[in-house]
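So this one's coords.cif, mmCIF, C-alpha atoms:
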```cif
data_my_file
loop_
_atom_site.label_atom_id
_atom_site.label_comp_id
_atom_site.auth_asym_id
_atom_site.auth_seq_id
_atom_site.Cartn_x
_atom_site.Cartn_y
_atom_site.Cartn_z
CA MET A 1 0.00 0.00 0.00
CA SER A 2 1.20 3.55 -0.73
CA ASN A 3 1.26 6.41 1.74
CA ILE A 4 -0.78 8.61 -0.56
CA TYR A 5 -4.32 9.38 0.60
CA ILE A 6 -7.40 10.98 -0.90
CA GLY A 7 -8.93 13.41 1.59
CA TYR A 8 -12.60 14.43 1.41
CA HIS A 9 -13.67 17.55 3.28
CA PHE A 10 -17.41 17.75 3.96
CA THR A 11 -19.43 20.78 5.04
CA VAL A 12 -22.56 19.54 6.79
CA GLU A 13 -25.75 21.31 7.91
CA PRO A 14 -27.13 20.62 10.47
CA ARG A 15 -23.65 19.64 11.54
CA GLU A 16 -23.89 17.36 14.57
CA LEU A 17 -26.57 14.90 13.49
CA GLY A 18 -25.57 15.03 9.84
CA THR A 19 -21.92 14.41 10.62
CA GLU A 20 -22.74 11.41 12.81
CA ILE A 21 -24.81 9.82 10.06
CA LEU A 22 -22.25 10.66 7.38
CA LEU A 23 -19.40 9.14 9.41
CA ALA A 24 -21.38 5.95 9.96
CA GLU A 25 -22.06 5.61 6.23
CA LEU A 26 -18.50 6.43 5.18
CA GLY A 27 -17.26 3.87 7.69
CA GLU A 28 -18.85 1.19 5.55
CA LYS A 29 -16.59 2.21 2.67
CA ALA A 30 -12.79 2.11 2.46
CA PHE A 31 -12.27 5.31 4.48
CA GLU A 32 -9.97 4.61 7.41
CA SER A 33 -9.53 7.92 9.25
CA PHE A 34 -11.85 10.79 10.11
CA LEU A 35 -11.49 14.25 11.59
CA GLU A 36 -14.32 16.27 13.11
CA THR A 37 -14.06 19.88 11.90
CA GLU A 38 -15.84 23.13 12.69
CA THR A 39 -17.99 22.77 9.57
CA GLY A 40 -18.41 19.00 9.38
CA LEU A 41 -16.06 16.14 8.66
CA SER A 42 -12.87 15.21 6.84
CA ALA A 43 -12.46 11.59 5.71
CA PHE A 44 -9.36 9.88 4.35
CA VAL A 45 -8.89 6.81 2.17
CA GLN A 46 -5.68 5.31 0.82
CA LYS A 47 -5.35 6.10 -2.86
CA ASP A 48 -4.82 2.40 -3.65
CA LEU A 49 -8.31 1.71 -2.25
CA TRP A 50 -10.01 4.76 -3.74
CA THR A 51 -12.44 4.57 -6.67
CA GLU A 52 -14.24 7.36 -8.49
CA ASP A 53 -17.60 6.04 -7.30
CA ILE A 54 -16.58 5.66 -3.64
CA LEU A 55 -19.41 7.96 -2.49
CA GLU A 56 -22.03 6.06 -4.47
CA GLY A 57 -24.76 4.74 -2.18
CA ILE A 58 -24.10 7.26 0.62
CA TYR A 59 -27.75 7.94 1.42
CA ILE A 60 -27.33 11.15 3.38
CA LEU A 61 -25.69 12.92 0.43
CA GLY A 62 -29.03 12.78 -1.38
CA SER A 63 -31.23 13.52 1.63
CA ASP A 64 -33.37 16.67 1.62
CA GLU A 65 -32.95 16.92 5.40
CA PHE A 66 -29.26 17.83 5.16
CA LYS A 67 -27.19 20.28 3.15
CA ILE A 68 -23.82 18.70 2.37
CA SER A 69 -21.05 19.84 0.06
CA TYR A 70 -17.49 18.58 -0.25
CA THR A 71 -14.11 18.95 -1.86
CA PHE A 72 -11.40 16.32 -2.19
CA GLU A 73 -7.65 16.33 -2.68
CA GLU A 74 -4.69 14.01 -2.96
CA ILE A 75 -2.46 14.07 0.12
CA ASP A 76 1.04 12.63 0.24
CA GLN A 77 2.36 11.04 3.44
CA VAL A 78 -0.41 12.01 5.87
CA ASN A 79 0.94 12.98 9.28
CA TRP A 80 -2.05 12.15 11.48
CA ASN A 81 -0.65 13.89 14.55
CA GLU A 82 -0.24 17.05 12.51
CA GLU A 83 -3.79 16.73 11.20
CA TRP A 84 -5.12 16.43 14.76
CA GLU A 85 -3.13 19.43 15.89
CA LYS A 86 -4.58 21.50 13.06
CA ASN A 87 -8.16 20.47 13.81
CA PHE A 88 -8.28 20.04 17.56
CA GLU A 89 -7.87 22.99 19.91
CA ALA A 90 -7.97 22.76 23.69
CA ILE A 91 -11.10 24.18 25.28
CA ASP A 92 -11.84 25.78 28.61
CA VAL A 93 -15.25 25.61 30.28
CA ASP A 94 -15.87 28.40 32.79
CA GLY A 95 -12.23 28.36 33.86
CA LYS A 96 -12.86 25.12 35.75
CA CYS A 97 -12.60 22.33 33.20
CA HIS A 98 -9.90 22.01 30.55
CA VAL A 99 -10.35 19.49 27.74
CA ARG A 100 -7.22 18.90 25.71
CA ALA A 101 -5.33 16.45 23.52
CA PRO A 102 -2.04 14.90 24.69
CA PHE A 103 -0.04 17.44 22.67
CA HIS A 104 -1.59 20.42 24.52
CA SER A 105 0.04 21.91 27.59
CA LYS A 106 -1.53 21.28 30.99
CA THR A 107 -3.23 24.24 32.66
CA GLU A 108 -4.18 24.94 36.26
CA ALA A 109 -7.86 24.12 35.68
CA GLU A 110 -9.47 22.16 38.52
CA PHE A 111 -10.48 19.39 36.12
CA ASP A 112 -7.95 18.55 33.41
CA ILE A 113 -9.27 16.02 30.87
CA VAL A 114 -6.97 14.56 28.23
CA ILE A 115 -8.57 12.83 25.26
CA GLU A 116 -7.44 11.35 21.97
CA PRO A 117 -10.59 11.86 19.89
CA LYS A 118 -9.54 9.78 16.87
CA MET A 119 -12.68 8.88 14.89
CA SER A 120 -15.15 9.61 17.69
CA PHE A 121 -17.22 12.59 18.68
CA GLY A 122 -17.67 14.60 21.84
CA THR A 123 -14.43 16.55 21.89
CA GLY A 124 -16.01 19.28 24.00
CA HIS A 125 -16.04 21.76 21.13
CA HIS A 126 -19.67 21.20 20.33
CA GLU A 127 -22.16 23.37 22.19
CA THR A 128 -24.02 20.41 23.69
CA THR A 129 -20.94 18.83 25.26
CA HIS A 130 -19.85 22.24 26.55
CA MET A 131 -23.21 22.82 28.26
CA MET A 132 -23.34 19.33 29.74
CA ILE A 133 -19.94 20.01 31.27
CA GLN A 134 -21.40 23.20 32.73
CA HIS A 135 -24.27 21.23 34.28
CA LEU A 136 -21.89 18.70 35.81
CA LEU A 137 -19.57 21.39 37.15
CA GLU A 138 -22.34 22.79 39.33
CA THR A 139 -23.79 19.40 40.39
CA ASP A 140 -22.85 17.36 43.46
CA VAL A 141 -22.16 13.91 42.06
CA VAL A 142 -20.06 12.45 44.88
CA GLY A 143 -20.83 8.76 45.39
CA LYS A 144 -23.69 8.82 42.89
CA LYS A 145 -24.17 6.04 40.37
CA THR A 146 -24.03 7.68 36.97
CA LEU A 147 -24.85 6.86 33.34
CA ASP A 148 -23.27 8.61 30.35
CA MET A 149 -25.60 7.62 27.50
CA GLY A 150 -24.24 8.20 24.00
CA CYS A 151 -20.84 8.78 25.58
CA GLY A 152 -18.83 9.62 22.44
CA THR A 153 -15.30 10.11 23.79
CA ALA A 154 -16.47 9.64 27.43
CA ILE A 155 -15.61 13.22 28.41
CA LEU A 156 -18.72 13.53 30.59
CA ALA A 157 -18.15 10.18 32.29
CA ILE A 158 -14.53 11.15 32.97
CA LEU A 159 -15.55 14.51 34.45
CA ALA A 160 -18.18 12.77 36.59
CA GLU A 161 -15.53 10.46 38.04
CA MET A 162 -13.15 13.35 38.62
CA LYS A 163 -15.93 15.00 40.64
CA GLY A 164 -16.48 11.87 42.74
CA ALA A 165 -19.26 9.94 40.99
CA GLN A 166 -19.10 6.13 41.10
CA PRO A 167 -19.75 3.67 39.67
CA ILE A 168 -20.22 5.02 36.14
CA ASP A 169 -21.55 3.31 33.02
CA ALA A 170 -20.67 4.81 29.63
CA ILE A 171 -22.66 3.51 26.65
CA ASP A 172 -22.43 4.22 22.92
CA ILE A 173 -23.81 2.36 19.94
CA ASP A 174 -20.79 3.27 17.78
CA ASN A 175 -17.86 0.83 17.95
CA TRP A 176 -15.29 3.59 17.44
CA CYS A 177 -16.78 5.56 20.32
CA TYR A 178 -16.82 2.44 22.49
CA LEU A 179 -13.13 1.73 21.89
CA ASN A 180 -12.14 5.39 22.17
CA SER A 181 -14.03 5.75 25.46
CA ILE A 182 -12.14 2.82 26.95
CA GLU A 183 -8.84 4.38 25.89
CA ASN A 184 -9.75 7.83 27.20
CA ALA A 185 -10.93 6.46 30.55
CA GLU A 186 -7.60 4.69 30.93
CA ARG A 187 -5.69 7.78 29.78
CA ASN A 188 -7.31 9.79 32.59
CA ASN A 189 -6.64 7.08 35.19
CA CYS A 190 -10.34 6.43 35.74
CA LYS A 191 -11.09 3.40 37.94
CA HIS A 192 -14.88 3.49 38.16
CA ILE A 193 -16.02 3.72 34.51
CA SER A 194 -17.40 0.68 32.69
CA VAL A 195 -17.83 1.15 28.93
CA TYR A 196 -20.44 -0.75 26.92
CA GLU A 197 -21.27 -0.92 23.22
CA GLY A 198 -25.01 -0.79 22.56
CA ASP A 199 -28.19 1.21 23.03
CA ALA A 200 -30.95 1.69 25.62
CA GLU A 201 -31.63 -2.05 25.65
CA LEU A 202 -28.59 -2.32 27.92
CA LEU A 203 -30.42 -0.36 30.62
CA LYS A 204 -32.78 -3.17 31.58
CA GLY A 205 -32.45 -3.97 35.26
CA LYS A 206 -30.07 -1.07 35.95
CA THR A 207 -30.63 1.97 38.18
CA TYR A 208 -28.84 5.31 38.40
CA ASP A 209 -28.80 8.47 40.48
CA ILE A 210 -27.66 10.61 37.54
CA ILE A 211 -28.26 10.08 33.83
CA ILE A 212 -26.47 12.15 31.19
CA ALA A 213 -27.99 11.76 27.71
CA ASN A 214 -26.42 13.89 24.98
CA ILE A 215 -27.73 12.28 21.81
CA ASN A 216 -30.42 13.79 19.56
CA ARG A 217 -34.09 14.64 19.83
CA ASN A 218 -35.57 11.54 18.23
CA ILE A 219 -33.50 9.07 20.23
CA LEU A 220 -34.21 10.97 23.46
CA LEU A 221 -37.94 10.89 22.81
CA ASN A 222 -37.85 7.21 21.86
CA ASP A 223 -35.85 6.17 24.93
CA MET A 224 -37.23 8.62 27.51
CA LYS A 225 -39.33 6.04 29.36
CA GLN A 226 -36.32 3.72 29.65
CA TYR A 227 -34.26 6.55 31.14
CA VAL A 228 -36.95 7.40 33.65
CA ASP A 229 -37.58 3.77 34.58
CA CYS A 230 -33.94 3.32 35.62
CA LEU A 231 -33.60 6.71 37.32
CA ASN A 232 -33.73 6.47 41.10
CA ALA A 233 -36.12 8.58 43.18
CA ASN A 234 -34.77 12.14 43.46
CA GLY A 235 -32.41 11.32 40.61
CA THR A 236 -31.22 13.85 38.02
CA LEU A 237 -31.55 13.62 34.24
CA PHE A 238 -29.49 15.85 31.94
CA LEU A 239 -30.62 16.07 28.31
CA SER A 240 -28.96 17.67 25.29
CA GLY A 241 -28.41 17.19 21.58
CA PHE A 242 -31.34 19.28 20.31
CA TYR A 243 -32.31 22.84 19.43
CA THR A 244 -34.22 25.55 21.29
CA GLU A 245 -37.29 24.92 19.13
CA ASP A 246 -37.29 21.27 20.26
CA ILE A 247 -37.78 22.19 23.93
CA PRO A 248 -41.62 21.94 23.90
CA VAL A 249 -41.68 18.34 22.63
CA ILE A 250 -38.82 17.28 24.92
CA ASP A 251 -40.44 18.98 27.91
CA ALA A 252 -43.80 17.38 27.14
CA SER A 253 -42.18 13.94 27.16
CA CYS A 254 -40.43 14.67 30.45
CA THR A 255 -43.65 15.98 31.99
CA ASP A 256 -45.57 12.91 30.82
CA ASN A 257 -42.96 10.83 32.62
CA ARG A 258 -43.39 12.88 35.81
CA LEU A 259 -40.07 14.64 35.70
CA THR A 260 -39.63 18.15 37.09
CA TYR A 261 -37.84 20.83 35.08
CA VAL A 262 -34.94 22.51 36.93
CA LYS A 263 -32.62 24.46 34.64
CA LYS A 264 -31.58 25.24 31.06
CA PHE A 265 -28.33 26.24 29.39
CA GLU A 266 -28.52 27.67 25.88
CA ARG A 267 -25.65 28.17 23.44
CA ASN A 268 -25.95 29.09 19.76
CA ASN A 269 -29.52 27.74 19.60
CA TRP A 270 -28.52 24.42 21.21
CA VAL A 271 -29.86 23.64 24.68
CA ALA A 272 -29.10 21.39 27.64
CA LEU A 273 -31.88 20.74 30.15
CA LYS A 274 -31.86 19.49 33.73
CA TYR A 275 -34.75 17.50 35.23
CA THR A 276 -35.28 15.68 38.50
CA LYS A 277 -37.49 12.73 39.35
#
```
Please express what this file holds, its structure, as structure tokens.
Amino acid sequence: MSNIYIGYHFTVEPRELGTEILLAELGEKAFESFLETETGLSAFVQKDLWTEDILEGIYILGSDEFKISYTFEEIDQVNWNEEWEKNFEAIDVDGKCHVRAPFHSKTEAEFDIVIEPKMSFGTGHHETTHMMIQHLLETDVVGKKTLDMGCGTAILAILAEMKGAQPIDAIDIDNWCYLNSIENAERNNCKHISVYEGDAELLKGKTYDIIIANINRNILLNDMKQYVDCLNANGTLFLSGFYTEDIPVIDASCTDNRLTYVKKFERNNWVALKYTK
């Protein structure tokens, strides 16, 4: 195999959901590396494996629900570390939580999280992850059994452990996210996080004091009853992954399940809600 790659650079709207779907579909092709960008996704395939019709059959590219454009280029000798450094900047949440890659310098933030995002999502750059970190920063989680549903890179599970939560389950349906979460938990010396690959079916028979669900509106609505059924009395449910205009339907579902609204964070039309049981 040669070291020459073909790089595709996708601009995706709406970005979060569209990028997740696009990555899943591209993963079925010969693409082997992905980078989350500010506008969407970059995907790379070895030139020896590339064909002119490689994007044929990618359903989302023809969907009316998403606006996707792309460019592609030939890249010689891809330096993946350099690509990460160009596309991944450290972030700071309220001066208390620092999320960085291994090549970033450590700061004096109270909670210093080091992740290697690879092909997963949840780097902390997206508004929803940022707001969920804000919720956790002001929540007492010490000794509380916690679930990070749709964990991505496991940032929220890692922060929960750093703040004293235990035990913690981190679940994601994506295999890359599952493997990346295990690696990131180990990288941050976490001892109380168990990572599982799957969906809400894994929640049967389990109970939690805190549930963090940063996914998307449709999955949240579909799985709401399962979340509530495994949430202990006086437990807390954090929800994000949807827009301001989605609040009424999300709130109606929570109200139907006898949850009580507590607080909202809003950032660039994305929201993160807090409910108690």
Taking the point (-33.0, 21.4, 9.3) as given in the file, collect each protein or nucleic acid residue that comes within 8 Å of it, counting all atoms listed in the file, and present the set as an NGL selection string. :A and (13-14 or 65-66)
Nearby residues (all atoms listed in the file) at most 10 Å from A:Met131, same-chain spacing under 2 positions excluded, as a list of chain:residue names: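 Answer for this query is A:Val93, A:Gly124, A:His126, A:Glu127, A:Thr128, A:Thr129, A:Ile133, A:Gln134, A:His135, A:Leu136, A:Leu137, A:Ser240, A:Lys264, A:Phe265, A:Glu266, A:Arg267, A:Trp270, A:Val271, A:Ala272, A:Leu273.
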When the PyMOL selection byres ((chain A and resi 164) around 12) is applied to the structure above, which residues does it catch, written out as a list in words? Phe111, Leu136, Leu137, Thr139, Asp140, Val141, Val142, Gly143, Lys144, Lys145, Thr146, Ala157, Ile158, Leu159, Ala160, Glu161, Met162, Lys163, Ala165, Gln166, Pro167, Ile168, Cys190, Lys191, His192 and Ile193 of chain A
Separating atom CA of A:Glu245 from atom CA of A:Asn269, to the nearest tenth of an Å, is a gap of 8.3 Å
Could you please determine the separation between atom CA of A:Ile60 and atom CA of A:Leu22 in Å, to one decimal place?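 Between atom CA of A:Ile60 and atom CA of A:Leu22 the gap is 6.5 Å.
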